[in-house]
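What follows is a short report on a single structure.
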Amino acid sequence: MGSFKQLNISAQANKGIEIPVTIPGGNDGEGVITGDVLVILSTYSERFRKAEAEGFRKIREAMRNVEEENGSLNDSVYEEIALNSIAHLVSEWSYDEPCTQENVKEFLDANPHMYDIINRKAADHAAFFVDATNNC
């Protein structure tokens, strides 16, 4: 058997993996690689889980305010929270500008295809945890 301490998903999730920045198109359907890269974290990373928890808190707060006003929750609230959560998945990049949350959000607004790529890849657990399965 072994010790449960050998399995540390959090450490792997917080390491991140490098993905290429692409331009939609290309013959292979994967897009044209620009030469720039992002380092993204897993959806199991501490940073993403905190952003997601904060997003849920903001939704509950917004819903409470809407109920008091007898209105409905605006879709922009959900969109802002989703963008913020996905932006927390990007931990580093190769661009000259610093990799801040505001810069990442601006990048994702301008490049929605990368939002989708990051969202899918961060949930691709095999990409992050192959080493973890070798330790079991």
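We name chains A, B, ... following the order of the structure tokens; residues begin at 1 in each chain, and ligands are numbered from 1 as shown.
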
request  = Check the DSSP output for the backbone and give back, as an MDAnalysis selection string, the residues of stretch 46-76 of chain A in helix (DSSP H, G or I).
outcome  = chainID A and resid 46:69 75:76

task = Tell me which protein, DNA and RNA residues are within 8 Å of A:Ile19, counting only C-alpha atoms, leaving out same-chain ones fewer than 4 positions away, and put them as an NGL selection string.
result = :A and (37-40)

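Summary of the local environment: counting only C-alpha atoms, residues at most 12 Å from A:Lys15, other than itself and those fewer than 5 positions away along its chain, are A:Asn8, A:Ile9, A:Ser10, A:Val39, A:Ile40, A:Leu41, A:Ser42, A:Thr43, A:Tyr44, A:Ser45, A:Glu46, A:Arg47, A:Leu89, A:Val90, A:Ser91, A:Glu92, A:Ala122, A:Ala127, A:Phe128, A:Phe129, A:Asp131.
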
Please dump the current selection as a tab-separated table (two decimals), in the first residue's frame; keep N, CA and C atoms.
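File produced: selection.tsv:
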chain	number	residue	atom	x	y	z
A	8	ASN	N	-0.54	13.86	-3.50
A	8	ASN	CA	-0.69	15.28	-3.21
A	8	ASN	C	-1.18	16.00	-4.47
A	9	ILE	N	-2.48	15.93	-4.68
A	9	ILE	CA	-3.09	16.55	-5.86
A	9	ILE	C	-2.93	18.07	-5.83
A	10	SER	N	-3.02	18.66	-4.65
A	10	SER	CA	-2.90	20.13	-4.55
A	10	SER	C	-1.57	20.62	-5.08
A	39	VAL	N	1.09	29.89	-18.65
A	39	VAL	CA	1.14	28.81	-17.67
A	39	VAL	C	-0.20	28.85	-16.96
A	40	ILE	N	-0.93	27.73	-17.05
A	40	ILE	CA	-2.24	27.68	-16.43
A	40	ILE	C	-2.25	26.64	-15.31
A	41	LEU	N	-3.11	26.89	-14.35
A	41	LEU	CA	-3.27	26.01	-13.21
A	41	LEU	C	-4.48	25.12	-13.41
A	42	SER	N	-4.55	24.07	-12.65
A	42	SER	CA	-5.70	23.16	-12.68
A	42	SER	C	-6.89	23.80	-11.98
A	43	THR	N	-8.07	23.30	-12.31
A	43	THR	CA	-9.27	23.73	-11.60
A	43	THR	C	-9.25	23.26	-10.14
A	44	TYR	N	-8.32	22.38	-9.80
A	44	TYR	CA	-8.14	21.95	-8.40
A	44	TYR	C	-7.12	22.83	-7.67
A	45	SER	N	-6.58	23.83	-8.34
A	45	SER	CA	-5.57	24.69	-7.70
A	45	SER	C	-6.21	25.54	-6.61
A	46	GLU	N	-5.41	25.88	-5.64
A	46	GLU	CA	-5.88	26.71	-4.52
A	46	GLU	C	-6.39	28.05	-5.03
A	47	ARG	N	-5.64	28.63	-5.96
A	47	ARG	CA	-5.99	29.95	-6.49
A	47	ARG	C	-7.36	29.95	-7.18
A	89	LEU	N	-6.78	31.23	-13.34
A	89	LEU	CA	-6.08	30.03	-13.80
A	89	LEU	C	-4.75	30.35	-14.47
A	90	VAL	N	-4.58	31.57	-14.95
A	90	VAL	CA	-3.34	31.96	-15.63
A	90	VAL	C	-2.36	32.49	-14.58
A	91	SER	N	-1.25	31.78	-14.40
A	91	SER	CA	-0.29	32.18	-13.36
A	91	SER	C	0.94	32.89	-13.91
A	92	GLU	N	1.27	32.63	-15.17
A	92	GLU	CA	2.43	33.27	-15.82
A	92	GLU	C	2.15	33.35	-17.31
A	122	ALA	N	-7.70	23.50	-18.31
A	122	ALA	CA	-7.59	23.50	-16.85
A	122	ALA	C	-8.41	22.38	-16.23
A	127	ALA	N	-3.79	16.04	-17.89
A	127	ALA	CA	-2.66	16.91	-18.22
A	127	ALA	C	-1.88	17.35	-16.98
A	128	PHE	N	-2.52	17.38	-15.83
A	128	PHE	CA	-1.90	17.84	-14.60
A	128	PHE	C	-1.44	16.70	-13.68
A	129	PHE	N	-2.13	15.57	-13.75
A	129	PHE	CA	-1.95	14.57	-12.70
A	129	PHE	C	-1.36	13.24	-13.15
A	131	ASP	N	1.78	12.48	-13.28
A	131	ASP	CA	2.81	12.15	-12.30
A	131	ASP	C	2.20	11.64	-11.00

request  = Give me the residues within 10 Å of A:His113 as a PyMOL selection string, counting only C-alpha atoms and dropping any in the same chain fewer than 4 places off.
outcome  = chain A and resi 21-24+31+108-109+117-119

task = Grab the atom CA of A:Ala87 to atom CA of A:Val104 distance for me, in Å with one decimal place.
result =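 Taking atom CA of A:Ala87 as the start and atom CA of A:Val104 as the end point, the length is 5.7 Å.
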
message = Using only C-alpha atoms for the distances, tell me which of A:Glu97, A:Ile59, A:Tyr115, A:Arg120 is nearest to A:Leu73.
response =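 Closest to A:Leu73 of all the choices is A:Ile59.
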
query = Can you tell me how far atom CA of A:Asn103 sits from atom CA of A:Glu80, in Å to one decimal?
reply = 14.5 Å

task = From a DSSP calculation on the backbone, collect every residue of chain A in strand (DSSP E) and output the set as number ranges by chain.
result = A: 17-23, 32-40, 90-93

key: Selected residue of minimal separation from A:Glu79 among A:Lys5, A:Lys50, A:Arg64, A:Lys105, counting only C-alpha atoms   =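 Ranked by minimum distance to A:Glu79, first place goes to A:Lys105.
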
message = Excluding A:Ala53 and its own-chain neighbours fewer than 4 positions away, which residues fall within 12 Å of it when counting only C-alpha atoms? Please give them as a VMD selection string.
response = chain A and resid 46 to 49 57 to 60 81 to 82 84 to 85

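As for atom CA of A:Ala11 and atom CA of A:Ala126, they are spaced 14.6 Å apart.
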